[in-house]
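Undergrad: Contents of work_27.pdb (PDB, C-alpha atoms and all ligand atoms) are given next:
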ATOM      1  CA  MET Y 130    -226.596  12.004 172.888
ATOM      2  CA  MET Y 131    -223.418  13.669 171.613
ATOM      3  CA  LYS Y 132    -220.982  11.304 169.978
ATOM      4  CA  HIS Y 133    -217.642  11.004 171.803
ATOM      5  CA  ILE Y 134    -214.641  12.234 169.835
ATOM      6  CA  PRO Y 135    -212.290   9.266 169.405
ATOM      7  CA  LEU Y 136    -208.770  10.036 170.639
ATOM      8  CA  ALA Y 137    -205.490   8.303 169.901
ATOM      9  CA  GLY Y 138    -201.868   9.188 170.537
ATOM     10  CA  VAL Y 139    -198.304   8.028 170.923
ATOM     11  CA  MET Y 140    -196.727   7.259 174.306
ATOM     12  CA  GLY Y 141    -192.988   7.570 174.720
ATOM     13  CA  ASN Y 142    -190.131   9.166 176.591
ATOM     14  CA  PRO Y 143    -188.888  11.317 174.939
ATOM     15  CA  ILE Y 144    -191.799  12.010 172.583
ATOM     16  CA  ALA Y 145    -191.350  15.539 171.162
ATOM     17  CA  GLN Y 146    -189.464  14.162 168.135
ATOM     18  CA  SER Y 147    -192.236  11.755 167.107
ATOM     19  CA  LYS Y 148    -193.664  12.260 163.631
ATOM     20  CA  SER Y 149    -196.755  10.160 164.386
ATOM     21  CA  PRO Y 150    -198.999  13.075 165.490
ATOM     22  CA  ARG Y 151    -198.362  14.857 162.193
ATOM     23  CA  LEU Y 152    -199.070  11.647 160.275
ATOM     24  CA  HIS Y 153    -202.340  10.756 161.973
ATOM     25  CA  LYS Y 154    -203.629  14.343 162.104
ATOM     26  CA  HIS Y 155    -202.983  14.589 158.360
ATOM     27  CA  TRP Y 156    -205.038  11.453 157.730
ATOM     28  CA  LEU Y 157    -207.869  12.625 160.027
ATOM     29  CA  ARG Y 158    -208.027  15.889 158.077
ATOM     30  CA  LYS Y 159    -207.718  14.204 154.680
ATOM     31  CA  TYR Y 160    -210.599  11.802 155.317
ATOM     32  CA  GLY Y 161    -212.698  14.393 157.165
ATOM     33  CA  LEU Y 162    -212.907  12.267 160.303
ATOM     34  CA  LEU Y 163    -213.822  13.291 163.803
ATOM     35  CA  GLY Y 164    -210.915  12.546 166.140
ATOM     36  CA  ASP Y 165    -207.527  13.664 167.402
ATOM     37  CA  TYR Y 166    -204.036  12.235 167.921
ATOM     38  CA  VAL Y 167    -201.660  13.605 170.543
ATOM     39  CA  PRO Y 168    -198.097  13.061 171.806
ATOM     40  CA  LEU Y 169    -198.096  11.616 175.349
ATOM     41  CA  HIS Y 170    -194.942  12.041 177.402
ATOM     42  CA  VAL Y 171    -195.015   9.142 179.885
ATOM     43  CA  THR Y 172    -192.251   7.768 182.130
ATOM     44  CA  GLU Y 173    -191.698   4.049 182.621
ATOM     45  CA  ASP Y 174    -192.966   4.310 186.209
ATOM     46  CA  ASP Y 175    -196.264   5.818 185.075
ATOM     47  CA  PHE Y 176    -196.766   3.734 181.940
ATOM     48  CA  GLU Y 177    -199.198   1.145 183.304
ATOM     49  CA  THR Y 178    -201.308   3.654 185.257
ATOM     50  CA  VAL Y 179    -201.598   5.987 182.284
ATOM     51  CA  LEU Y 180    -202.425   3.133 179.932
ATOM     52  CA  HIS Y 181    -205.310   1.996 182.122
ATOM     53  CA  THR Y 182    -206.599   5.557 182.434
ATOM     54  CA  LEU Y 183    -206.668   6.463 178.733
ATOM     55  CA  PRO Y 184    -209.765   4.389 177.801
ATOM     56  CA  LYS Y 185    -211.690   6.286 180.503
ATOM     57  CA  MET Y 186    -210.805   9.566 178.762
ATOM     58  CA  GLY Y 187    -212.104   8.713 175.318
ATOM     59  CA  PHE Y 188    -208.999   7.105 173.883
ATOM     60  CA  VAL Y 189    -209.610   4.282 171.393
ATOM     61  CA  GLY Y 190    -205.966   3.277 171.212
ATOM     62  CA  VAL Y 191    -202.340   4.398 171.184
ATOM     63  CA  ASN Y 192    -199.033   3.802 169.538
ATOM     64  CA  VAL Y 193    -196.192   3.101 171.928
ATOM     65  CA  THR Y 194    -192.566   3.840 171.290
ATOM     66  CA  LEU Y 195    -189.326   3.705 173.294
ATOM     67  CA  PRO Y 196    -189.014   2.769 176.112
ATOM     68  CA  HIS Y 197    -192.485   1.200 176.389
ATOM     69  CA  LYS Y 198    -192.609  -1.350 173.564
ATOM     70  CA  VAL Y 199    -191.904  -4.418 175.729
ATOM     71  CA  ALA Y 200    -193.990  -3.258 178.710
ATOM     72  CA  ALA Y 201    -196.931  -2.611 176.365
ATOM     73  CA  MET Y 202    -196.998  -6.268 175.456
ATOM     74  CA  GLN Y 203    -196.822  -7.356 179.085
ATOM     75  CA  VAL Y 204    -199.655  -5.081 180.200
ATOM     76  CA  ALA Y 205    -202.027  -6.004 177.342
ATOM     77  CA  ASP Y 206    -204.892  -8.466 177.843
ATOM     78  CA  GLN Y 207    -204.532  -9.883 174.343
ATOM     79  CA  VAL Y 208    -201.375  -9.986 172.233
ATOM     80  CA  SER Y 209    -201.174 -10.728 168.500
ATOM     81  CA  ASP Y 210    -198.976 -13.599 167.314
ATOM     82  CA  ARG Y 211    -196.716 -11.105 165.557
ATOM     83  CA  ALA Y 212    -196.158  -9.015 168.679
ATOM     84  CA  THR Y 213    -195.526 -12.172 170.708
ATOM     85  CA  LEU Y 214    -192.945 -13.370 168.193
ATOM     86  CA  ILE Y 215    -191.212  -9.988 168.039
ATOM     87  CA  GLY Y 216    -191.420  -9.557 171.820
ATOM     88  CA  ALA Y 217    -192.670  -5.977 171.609
ATOM     89  CA  ALA Y 218    -195.804  -4.032 170.701
ATOM     90  CA  ASN Y 219    -196.227  -0.660 168.999
ATOM     91  CA  THR Y 220    -199.988  -0.469 168.407
ATOM     92  CA  LEU Y 221    -202.595  -0.838 171.159
ATOM     93  CA  THR Y 222    -206.351  -0.894 170.706
ATOM     94  CA  PHE Y 223    -208.775  -0.346 173.587
ATOM     95  CA  LYS Y 224    -211.828  -2.583 173.265
ATOM     96  CA  PRO Y 225    -215.295  -1.435 174.369
ATOM     97  CA  ASP Y 226    -215.116  -3.938 177.281
ATOM     98  CA  GLY Y 227    -212.039  -2.109 178.582
ATOM     99  CA  SER Y 228    -209.488  -4.722 177.524
ATOM    100  CA  ILE Y 229    -206.262  -3.877 175.678
ATOM    101  CA  TYR Y 230    -205.193  -5.571 172.437
ATOM    102  CA  ALA Y 231    -201.504  -5.283 171.514
ATOM    103  CA  ASP Y 232    -200.065  -5.683 168.033
ATOM    104  CA  ASN Y 233    -196.769  -4.943 166.324
ATOM    105  CA  THR Y 234    -197.005  -3.288 162.900
ATOM    106  CA  ASP Y 235    -193.294  -2.507 162.382
ATOM    107  CA  GLY Y 236    -192.723  -5.598 160.234
ATOM    108  CA  TYR Y 237    -195.859  -4.834 158.225
ATOM    109  CA  GLY Y 238    -194.575  -1.262 157.702
ATOM    110  CA  PHE Y 239    -191.187  -2.556 156.595
ATOM    111  CA  ILE Y 240    -192.626  -4.890 153.952
ATOM    112  CA  ALA Y 241    -195.330  -2.448 152.774
ATOM    113  CA  ASN Y 242    -192.640   0.206 152.225
ATOM    114  CA  LEU Y 243    -190.603  -2.138 150.023
ATOM    115  CA  LYS Y 244    -193.686  -3.301 148.092
ATOM    116  CA  GLN Y 245    -194.701   0.295 147.379
ATOM    117  CA  ASN Y 246    -191.288   1.688 146.477
ATOM    118  CA  ALA Y 247    -189.594  -1.366 144.943
ATOM    119  CA  PRO Y 248    -192.492  -3.348 143.481
ATOM    120  CA  ASP Y 249    -190.150  -5.768 141.704
ATOM    121  CA  TRP Y 250    -188.389  -6.748 144.944
ATOM    122  CA  ASN Y 251    -188.453 -10.514 145.367
ATOM    123  CA  PRO Y 252    -187.677 -11.642 148.924
ATOM    124  CA  LYS Y 253    -186.901 -15.124 147.604
ATOM    125  CA  ALA Y 254    -184.273 -13.868 145.122
ATOM    126  CA  GLY Y 255    -181.421 -14.501 147.548
ATOM    127  CA  PRO Y 256    -180.080 -14.014 151.063
ATOM    128  CA  ALA Y 257    -180.855 -10.902 153.080
ATOM    129  CA  ALA Y 258    -178.075  -9.117 154.983
ATOM    130  CA  VAL Y 259    -179.197  -7.413 158.194
ATOM    131  CA  LEU Y 260    -177.001  -4.899 160.031
ATOM    132  CA  GLY Y 261    -177.930  -4.589 163.706
ATOM    133  CA  ALA Y 262    -179.699  -6.821 166.228
ATOM    134  CA  GLY Y 263    -181.800  -4.404 168.311
ATOM    135  CA  GLY Y 264    -185.559  -3.989 168.578
ATOM    136  CA  ALA Y 265    -186.019  -2.872 164.985
ATOM    137  CA  ALA Y 266    -184.005  -5.852 163.729
ATOM    138  CA  ARG Y 267    -186.309  -8.277 165.569
ATOM    139  CA  ALA Y 268    -189.399  -6.952 163.770
ATOM    140  CA  ILE Y 269    -187.602  -6.915 160.420
ATOM    141  CA  ILE Y 270    -186.212 -10.442 160.788
ATOM    142  CA  VAL Y 271    -189.680 -11.795 161.621
ATOM    143  CA  ALA Y 272    -191.056  -9.960 158.562
ATOM    144  CA  LEU Y 273    -188.299 -11.301 156.294
ATOM    145  CA  VAL Y 274    -188.853 -14.886 157.428
ATOM    146  CA  ASP Y 275    -192.583 -14.373 156.909
ATOM    147  CA  ALA Y 276    -191.960 -13.019 153.392
ATOM    148  CA  GLY Y 277    -190.090 -16.189 152.494
ATOM    149  CA  VAL Y 278    -186.444 -15.097 152.626
ATOM    150  CA  SER Y 279    -184.482 -18.350 152.721
ATOM    151  CA  GLU Y 280    -181.346 -17.112 154.446
ATOM    152  CA  ILE Y 281    -180.496 -14.111 156.633
ATOM    153  CA  TYR Y 282    -176.954 -12.948 157.339
ATOM    154  CA  LEU Y 283    -176.913 -11.025 160.595
ATOM    155  CA  ALA Y 284    -174.091  -8.819 161.873
ATOM    156  CA  ASN Y 285    -174.112  -6.783 165.061
ATOM    157  CA  ARG Y 286    -171.390  -4.869 166.896
ATOM    158  CA  THR Y 287    -172.266  -6.855 170.026
ATOM    159  CA  ARG Y 288    -172.204 -10.364 168.579
ATOM    160  CA  PRO Y 289    -174.004 -12.162 171.451
ATOM    161  CA  LYS Y 290    -177.169 -10.216 170.601
ATOM    162  CA  ALA Y 291    -177.050 -11.590 167.060
ATOM    163  CA  ASP Y 292    -176.387 -15.102 168.409
ATOM    164  CA  ALA Y 293    -179.430 -14.741 170.675
ATOM    165  CA  LEU Y 294    -181.623 -13.832 167.693
ATOM    166  CA  ARG Y 295    -180.344 -16.877 165.843
ATOM    167  CA  ALA Y 296    -181.168 -19.076 168.831
ATOM    168  CA  GLU Y 297    -184.650 -17.589 168.917
ATOM    169  CA  PHE Y 298    -185.553 -17.292 165.242
ATOM    170  CA  GLY Y 299    -183.773 -20.336 163.889
ATOM    171  CA  ALA Y 300    -181.385 -21.825 161.447
ATOM    172  CA  ARG Y 301    -182.206 -19.488 158.574
ATOM    173  CA  ILE Y 302    -180.027 -16.922 160.350
ATOM    174  CA  ARG Y 303    -176.258 -16.953 159.891
ATOM    175  CA  VAL Y 304    -174.376 -14.715 162.280
ATOM    176  CA  VAL Y 305    -171.432 -12.799 160.806
ATOM    177  CA  ASP Y 306    -168.830 -10.883 162.827
ATOM    178  CA  TRP Y 307    -169.342  -7.103 162.759
ATOM    179  CA  VAL Y 308    -165.816  -6.645 161.351
ATOM    180  CA  GLN Y 309    -166.715  -9.049 158.518
ATOM    181  CA  ALA Y 310    -170.082  -7.395 157.779
ATOM    182  CA  GLY Y 311    -168.839  -6.022 154.445
ATOM    183  CA  ASN Y 312    -168.337  -9.571 153.146
ATOM    184  CA  MET Y 313    -171.978 -10.568 153.616
ATOM    185  CA  LEU Y 314    -173.125  -7.887 151.167
ATOM    186  CA  GLU Y 315    -171.583  -9.635 148.149
ATOM    187  CA  ASP Y 316    -174.188 -12.336 147.666
ATOM    188  CA  ALA Y 317    -177.095 -10.558 149.367
ATOM    189  CA  ALA Y 318    -180.207  -9.761 147.317
ATOM    190  CA  THR Y 319    -181.535  -7.518 150.090
ATOM    191  CA  VAL Y 320    -179.505  -5.332 152.485
ATOM    192  CA  ILE Y 321    -181.034  -3.600 155.511
ATOM    193  CA  ASN Y 322    -179.495  -1.205 158.020
ATOM    194  CA  THR Y 323    -181.492  -1.583 161.243
ATOM    195  CA  THR Y 324    -178.984   0.334 163.386
ATOM    196  CA  SER Y 325    -179.188   4.021 164.224
ATOM    197  CA  LEU Y 326    -175.848   4.615 162.486
ATOM    198  CA  GLY Y 327    -176.027   7.338 159.837
ATOM    199  CA  MET Y 328    -178.810   9.193 161.620
ATOM    200  CA  VAL Y 329    -178.367  12.937 162.204
ATOM    201  CA  GLY Y 330    -176.286  13.329 165.372
ATOM    202  CA  ASN Y 331    -175.032   9.706 165.337
ATOM    203  CA  ALA Y 332    -171.854   8.135 163.978
ATOM    204  CA  GLU Y 333    -171.734   7.009 160.354
ATOM    205  CA  LEU Y 334    -172.072   3.378 159.348
ATOM    206  CA  ARG Y 335    -168.504   2.283 158.672
ATOM    207  CA  VAL Y 336    -169.140  -1.122 157.138
ATOM    208  CA  PRO Y 337    -167.206  -1.381 153.824
ATOM    209  CA  LEU Y 338    -169.792  -1.241 151.032
ATOM    210  CA  ASP Y 339    -167.623  -2.178 148.020
ATOM    211  CA  GLY Y 340    -169.245  -5.619 147.973
ATOM    212  CA  LEU Y 341    -172.691  -4.241 147.035
ATOM    213  CA  ARG Y 342    -173.805  -5.483 143.610
ATOM    214  CA  ALA Y 343    -176.004  -3.664 141.090
ATOM    215  CA  GLY Y 344    -179.638  -4.714 141.390
ATOM    216  CA  THR Y 345    -179.465  -5.442 145.122
ATOM    217  CA  LEU Y 346    -182.317  -3.941 147.136
ATOM    218  CA  VAL Y 347    -180.843  -1.671 149.837
ATOM    219  CA  THR Y 348    -182.932  -0.030 152.531
ATOM    220  CA  ASP Y 349    -182.295   1.854 155.751
ATOM    221  CA  ILE Y 350    -184.545   2.332 158.765
ATOM    222  CA  VAL Y 351    -182.888   5.728 159.306
ATOM    223  CA  TYR Y 352    -184.970   8.463 157.622
ATOM    224  CA  SER Y 353    -183.224  11.559 158.934
ATOM    225  CA  PRO Y 354    -181.474  12.255 156.613
ATOM    226  CA  LEU Y 355    -183.717  10.645 154.008
ATOM    227  CA  ARG Y 356    -180.765   9.803 151.787
ATOM    228  CA  THR Y 357    -178.240   8.233 154.162
ATOM    229  CA  LYS Y 358    -174.633   7.611 153.124
ATOM    230  CA  LEU Y 359    -175.576   3.937 152.762
ATOM    231  CA  LEU Y 360    -178.361   4.735 150.284
ATOM    232  CA  GLU Y 361    -176.186   7.222 148.385
ATOM    233  CA  PHE Y 362    -173.389   4.700 148.024
ATOM    234  CA  ALA Y 363    -175.872   1.993 147.014
ATOM    235  CA  ASP Y 364    -177.451   4.263 144.395
ATOM    236  CA  ALA Y 365    -174.047   4.949 142.893
ATOM    237  CA  ALA Y 366    -173.372   1.194 142.805
ATOM    238  CA  GLY Y 367    -176.552   0.591 140.783
ATOM    239  CA  CYS Y 368    -178.589  -0.846 143.657
ATOM    240  CA  ILE Y 369    -182.324  -0.277 144.095
ATOM    241  CA  THR Y 370    -182.749   1.914 147.175
ATOM    242  CA  VAL Y 371    -185.714   2.599 149.434
ATOM    243  CA  ASP Y 372    -185.526   5.152 152.251
ATOM    244  CA  GLY Y 373    -186.825   4.532 155.760
ATOM    245  CA  LEU Y 374    -189.611   7.103 155.885
ATOM    246  CA  GLY Y 375    -192.105   4.767 154.239
ATOM    247  CA  MET Y 376    -191.678   2.182 157.005
ATOM    248  CA  LEU Y 377    -192.731   4.774 159.570
ATOM    249  CA  LEU Y 378    -195.714   5.859 157.480
ATOM    250  CA  HIS Y 379    -196.928   2.340 156.692
ATOM    251  CA  GLN Y 380    -196.601   1.069 160.286
ATOM    252  CA  GLY Y 381    -199.227   3.668 161.183
ATOM    253  CA  VAL Y 382    -201.816   2.339 158.739
ATOM    254  CA  PRO Y 383    -203.263  -0.638 160.696
ATOM    255  CA  GLY Y 384    -203.671   1.401 163.895
ATOM    256  CA  PHE Y 385    -205.378   4.300 162.153
ATOM    257  CA  GLU Y 386    -207.770   1.926 160.430
ATOM    258  CA  ARG Y 387    -208.676   0.155 163.686
ATOM    259  CA  TRP Y 388    -209.170   3.387 165.642
ATOM    260  CA  PHE Y 389    -210.864   5.617 163.084
ATOM    261  CA  GLY Y 390    -212.454   3.160 160.638
ATOM    262  CA  VAL Y 391    -210.756   4.202 157.392
ATOM    263  CA  ARG Y 392    -207.719   2.520 155.862
ATOM    264  CA  PRO Y 393    -205.456   5.493 155.039
ATOM    265  CA  GLU Y 394    -203.303   5.775 151.957
ATOM    266  CA  VAL Y 395    -199.565   6.453 152.051
ATOM    267  CA  ASP Y 396    -198.767   8.765 149.131
ATOM    268  CA  ASP Y 397    -196.409  11.625 148.201
ATOM    269  CA  ASP Y 398    -198.641  14.054 150.036
ATOM    270  CA  THR Y 399    -198.307  11.994 153.232
ATOM    271  CA  ARG Y 400    -194.523  12.077 152.883
ATOM    272  CA  ARG Y 401    -194.480  15.846 152.341
ATOM    273  CA  VAL Y 402    -196.717  16.573 155.316
ATOM    274  CA  VAL Y 403    -194.747  14.351 157.688
ATOM    275  CA  LEU Y 404    -191.402  15.805 156.572
ATOM    276  CA  GLY Y 405    -192.863  19.266 157.231
TER     277      GLY Y 405
HETATM  278  P1  LIG Y 501    -183.729  -0.228 168.061
HETATM  279  O1  LIG Y 501    -184.806  -0.729 168.965
HETATM  280  O2  LIG Y 501    -184.074   1.070 167.360
HETATM  281  O3  LIG Y 501    -183.231  -1.246 167.110
HETATM  282  P2  LIG Y 501    -181.544  -0.674 169.863
HETATM  283  O4  LIG Y 501    -182.238  -1.859 170.394
HETATM  284  O5  LIG Y 501    -180.835   0.226 170.808
HETATM  285  O6  LIG Y 501    -182.538   0.243 169.039
HETATM  286  O7  LIG Y 501    -180.524  -1.160 168.734
HETATM  287  C1  LIG Y 501    -179.648  -0.303 168.142
HETATM  288  C2  LIG Y 501    -178.797  -1.080 167.139
HETATM  289  O8  LIG Y 501    -177.816  -0.184 166.610
HETATM  290  C3  LIG Y 501    -178.021  -2.233 167.785
HETATM  291  O9  LIG Y 501    -177.867  -3.250 166.831
HETATM  292  C4  LIG Y 501    -176.693  -1.561 168.116
HETATM  293  O10 LIG Y 501    -175.621  -2.443 168.231
HETATM  294  P3  LIG Y 501    -175.245  -3.065 169.702
HETATM  295  O11 LIG Y 501    -176.209  -4.195 169.921
HETATM  296  O12 LIG Y 501    -173.860  -3.511 169.579
HETATM  297  O13 LIG Y 501    -175.437  -1.952 170.699
HETATM  298  C5  LIG Y 501    -176.524  -0.705 166.900
HETATM  299  N1  LIG Y 501    -175.577   0.386 167.136
HETATM  300  C6  LIG Y 501    -175.807   1.540 167.806
HETATM  301  N2  LIG Y 501    -174.694   2.312 167.822
HETATM  302  C7  LIG Y 501    -173.734   1.623 167.163
HETATM  303  C8  LIG Y 501    -172.353   1.867 166.835
HETATM  304  N3  LIG Y 501    -171.737   3.021 167.186
HETATM  305  N4  LIG Y 501    -171.692   0.924 166.134
HETATM  306  C9  LIG Y 501    -172.288  -0.223 165.758
HETATM  307  N5  LIG Y 501    -173.585  -0.516 166.045
HETATM  308  C10 LIG Y 501    -174.302   0.389 166.725
END
Do you think you could lay out the structure here as structure tokens?

TA:
Amino acid sequence: MMKHIPLAGVMGNPIAQSKSPRLHKHWLRKYGLLGDYVPLHVTEDDFETVLHTLPKMGFVGVNVTLPHKVAAMQVADQVSDRATLIGAANTLTFKPDGSIYADNTDGYGFIANLKQNAPDWNPKAGPAAVLGAGGAARAIIVALVDAGVSEIYLANRTRPKADALRAEFGARIRVVDWVQAGNMLEDAATVINTTSLGMVGNAELRVPLDGLRAGTLVTDIVYSPLRTKLLEFADAAGCITVDGLGMLLHQGVPGFERWFGVRPEVDDDTRRVVLG
């Protein structure tokens, strides 16, 4: 009997901008594996139907991105502790019995990126300052707590969203007013922009950065441009900076390994291929 070609993909709306197909196709080619990975444009109304159809078409799993990350968790038969804690899933695996397993690898990608590009980073060195309280912030806060960060300063334009995260994730979080966000940088050992500010086509991050100290680890989830104004300013201030592309690349690793059986490496070549 002919072996089925394992398929994977990424479901979202919009989806054309996703870099995941390029990433996974590169790894399939690099490791000489049979398989394919395709962008899947799916509306919210069709999400559940499509999800239940994919395993019947040879799909072994999918990544899910906006706006499906919460629905993915609700539709799954089994949800990892991490995805439950974060409240969203980005990596689904279809089991041979037809059931769907949902995981969230964003926090893993965040930490793996820092470990690779700032190997001396010590999460326990001091407080972390997080800008933003959206979906990305949830995954990053869970990852920071997991990594042993003792205190997290959290500032968001819409303060109630930061207060809600504190209520959910506990006393290690200290909410700071958005207008005071500059002040929390002074004694932070780690600074993370989880907002979309600074991304091509969006407004710039206007938080005053004069408080940044040399040696502080500064990272941005924005990777277009690769060197955001935040990272450029931090570099000039003697901080250690890590761009956001690595988080995207590393979050893809656990899914690829589960679907295609090889744990892929994130290296300079991977970065080049995905940047195009
Ligand atoms: P994601 O899932 O990628 O985190 P999101 O949930 O829409 O996306 O969150 C976007 C984050 O960027 C939020 O923290 C948002 O702040 P609000 O909660 O106040 O909306 C932040 N953000 C977006 N545009 C912003 C702006 N112009 N000024 C300040 N914060 C902004």

Undergrad: Might you spell out which residues the PyMOL selection byres (((chain Y and resi 201) around 9) and not hetatm) would select in the displayed file, as a PyMOL selection string?

TA: chain Y and resi 176-177+180+193+197-200+202-205+217-221+231

Undergrad: For the interface of chain Y with ligand LIG 501 (chain Y) (cut-off 12 Å, counting only C-alpha atoms and all ligand atoms), please tabulate each contacting residue of chain Y alongside its nearest pair of atoms and their separation in Å to one decimal, rows sorted by chain and increasing number, as a tab-separated table.

TA:
residue	atom	partner	partner_atom	distance
Y:Thr194	CA	Y:LIG501	O1	9.3
Y:Leu195	CA	Y:LIG501	O1	7.7
Y:Pro196	CA	Y:LIG501	O1	9.0
Y:His197	CA	Y:LIG501	O1	10.9
Y:Lys198	CA	Y:LIG501	O1	9.1
Y:Val199	CA	Y:LIG501	O1	10.5
Y:Ile215	CA	Y:LIG501	O1	11.3
Y:Gly216	CA	Y:LIG501	O1	11.4
Y:Ala217	CA	Y:LIG501	O1	9.8
Y:Ala218	CA	Y:LIG501	O1	11.6
Y:Asn219	CA	Y:LIG501	O1	11.4
Y:Asp235	CA	Y:LIG501	O1	10.9
Y:Val259	CA	Y:LIG501	O9	9.7
Y:Leu260	CA	Y:LIG501	O9	7.1
Y:Gly261	CA	Y:LIG501	O9	3.4
Y:Ala262	CA	Y:LIG501	O9	4.1
Y:Gly263	CA	Y:LIG501	O4	3.3
Y:Gly264	CA	Y:LIG501	O1	3.4
Y:Ala265	CA	Y:LIG501	O3	3.9
Y:Ala266	CA	Y:LIG501	O3	5.8
Y:Arg267	CA	Y:LIG501	O3	7.8
Y:Ala268	CA	Y:LIG501	O3	9.0
Y:Ile269	CA	Y:LIG501	O3	9.8
Y:Ile270	CA	Y:LIG501	O3	11.6
Y:Leu283	CA	Y:LIG501	O9	10.0
Y:Ala284	CA	Y:LIG501	O9	8.4
Y:Asn285	CA	Y:LIG501	O9	5.5
Y:Arg286	CA	Y:LIG501	O12	3.9
Y:Thr287	CA	Y:LIG501	O12	3.7
Y:Arg288	CA	Y:LIG501	O12	7.1
Y:Pro289	CA	Y:LIG501	O11	8.4
Y:Lys290	CA	Y:LIG501	O11	6.1
Y:Ala291	CA	Y:LIG501	O11	8.0
Y:Asp292	CA	Y:LIG501	O11	11.0
Y:Ala293	CA	Y:LIG501	O11	11.1
Y:Leu294	CA	Y:LIG501	O9	11.3
Y:Asp306	CA	Y:LIG501	O12	11.2
Y:Trp307	CA	Y:LIG501	C9	8.1
Y:Val308	CA	Y:LIG501	C9	10.1
Y:Ala310	CA	Y:LIG501	C9	11.0
Y:Ile321	CA	Y:LIG501	O9	11.8
Y:Asn322	CA	Y:LIG501	O8	8.8
Y:Thr323	CA	Y:LIG501	O3	6.1
Y:Thr324	CA	Y:LIG501	O8	3.5
Y:Ser325	CA	Y:LIG501	O8	5.0
Y:Leu326	CA	Y:LIG501	N2	5.9
Y:Gly327	CA	Y:LIG501	N2	9.5
Y:Met328	CA	Y:LIG501	N2	10.1
Y:Gly330	CA	Y:LIG501	N2	11.4
Y:Asn331	CA	Y:LIG501	N3	7.7
Y:Ala332	CA	Y:LIG501	N3	6.0
Y:Glu333	CA	Y:LIG501	N3	7.9
Y:Leu334	CA	Y:LIG501	N4	7.2
Y:Arg335	CA	Y:LIG501	N4	8.2
Y:Val336	CA	Y:LIG501	C9	9.2
Y:Asp349	CA	Y:LIG501	O2	11.8
Y:Ile350	CA	Y:LIG501	O2	8.7
Y:Val351	CA	Y:LIG501	O2	9.4

Undergrad: Ranking Y:Gly405, Y:Pro252, Y:Gly138, Y:Gly299 by minimum distance to Val278 (chain Y) and counting only C-alpha atoms, which one comes first?

TA: Y:Pro252

Undergrad: For the PyMOL selection byres (((chain Y and resi 368-384) around 7) and not hetatm), applied here, can you spell out every residue it catches as JSON, numbers by chain?

TA: {"Y": [220, 234, 235, 237, 238, 239, 241, 242, 243, 246, 342, 343, 344, 345, 346, 347, 348, 349, 350, 351, 352, 355, 356, 360, 363, 364, 366, 367, 385, 386, 387, 388, 392, 393, 395]}

Undergrad: Evaluate the PyMOL selection byres (((chain Y and resi 281) around 9) and not hetatm) and record the selected residues as JSON, numbers by chain, following the chain and residue labels used in the document.

TA: {"Y": [256, 257, 258, 259, 270, 273, 274, 278, 279, 280, 282, 283, 301, 302, 303, 304, 317]}

Undergrad: Using Å and a single decimal, report how far CA of Gly161 (chain Y) sits from CA of Asp397 (chain Y).

TA: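 Separation of CA of Asp397 (chain Y) and CA of Gly161 (chain Y): 18.8 Å.
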
Undergrad: Work out how far CA of Ser149 (chain Y) is from CA of Ser353 (chain Y), in Å to one decimal.

TA: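 Value for the CA of Ser353 (chain Y)-CA of Ser149 (chain Y) distance: 14.7 Å.
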
Undergrad: With distances taken over all atoms listed in the file, which residue among Y:Pro248, Y:Gly277, Y:Gly255, Y:Pro184 lies nearest Ile229 (chain Y)?

TA: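 Residue with the minimum atom-to-atom distance to Ile229 (chain Y): Y:Pro184.
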
Undergrad: Find the distance between CA of Leu183 (chain Y) and CA of Arg400 (chain Y) and write it in Å to one decimal.

TA: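 Atom-to-atom, CA of Leu183 (chain Y) and CA of Arg400 (chain Y) are spaced 29.1 Å apart.
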
Undergrad: Find, counting only C-alpha atoms, the residue in Y:Gln309, Y:Glu361, Y:Val271, Y:Leu214 that gets nearest to Ile240 (chain Y).

TA: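 So, comparing all the options, the nearest one is Y:Val271.
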
Undergrad: Quick one: of Y:Leu341, Y:Lys132, Y:Val191, Y:Ala276, who's nearest to Phe362 (chain Y), counting only C-alpha atoms?

TA: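 Among Y:Leu341, Y:Lys132, Y:Val191, Y:Ala276, it is Y:Leu341 that comes nearest to Phe362 (chain Y).
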
Undergrad: Of the candidates Y:Leu136, Y:Lys148, Y:Leu162, Y:Leu338, which one gets nearest to Val391 (chain Y) if we count only C-alpha atoms?

TA: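 Of Y:Leu136, Y:Lys148, Y:Leu162, Y:Leu338, the one nearest Val391 (chain Y) is Y:Leu162, counting only C-alpha atoms.
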
Undergrad: If I wrap all listed atoms of region 238-252 of chain Y in a box with edges along x, y and z and add 8 Å on each side, what are its centre and edge lengths in Å to one decimal, as lines of an AutoDock Vina configuration file?

TA:
center_x = -191.5
center_y = -5.0
center_z = 149.7
size_x = 23.7
size_y = 29.3
size_z = 32.0

Undergrad: Which one of Y:Leu169, Y:Val139, Y:Val305, Y:Val179 sits closest to Asn192 (chain Y) if you count only C-alpha atoms?

TA: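 Residue with the minimum atom-to-atom distance to Asn192 (chain Y): Y:Val139.
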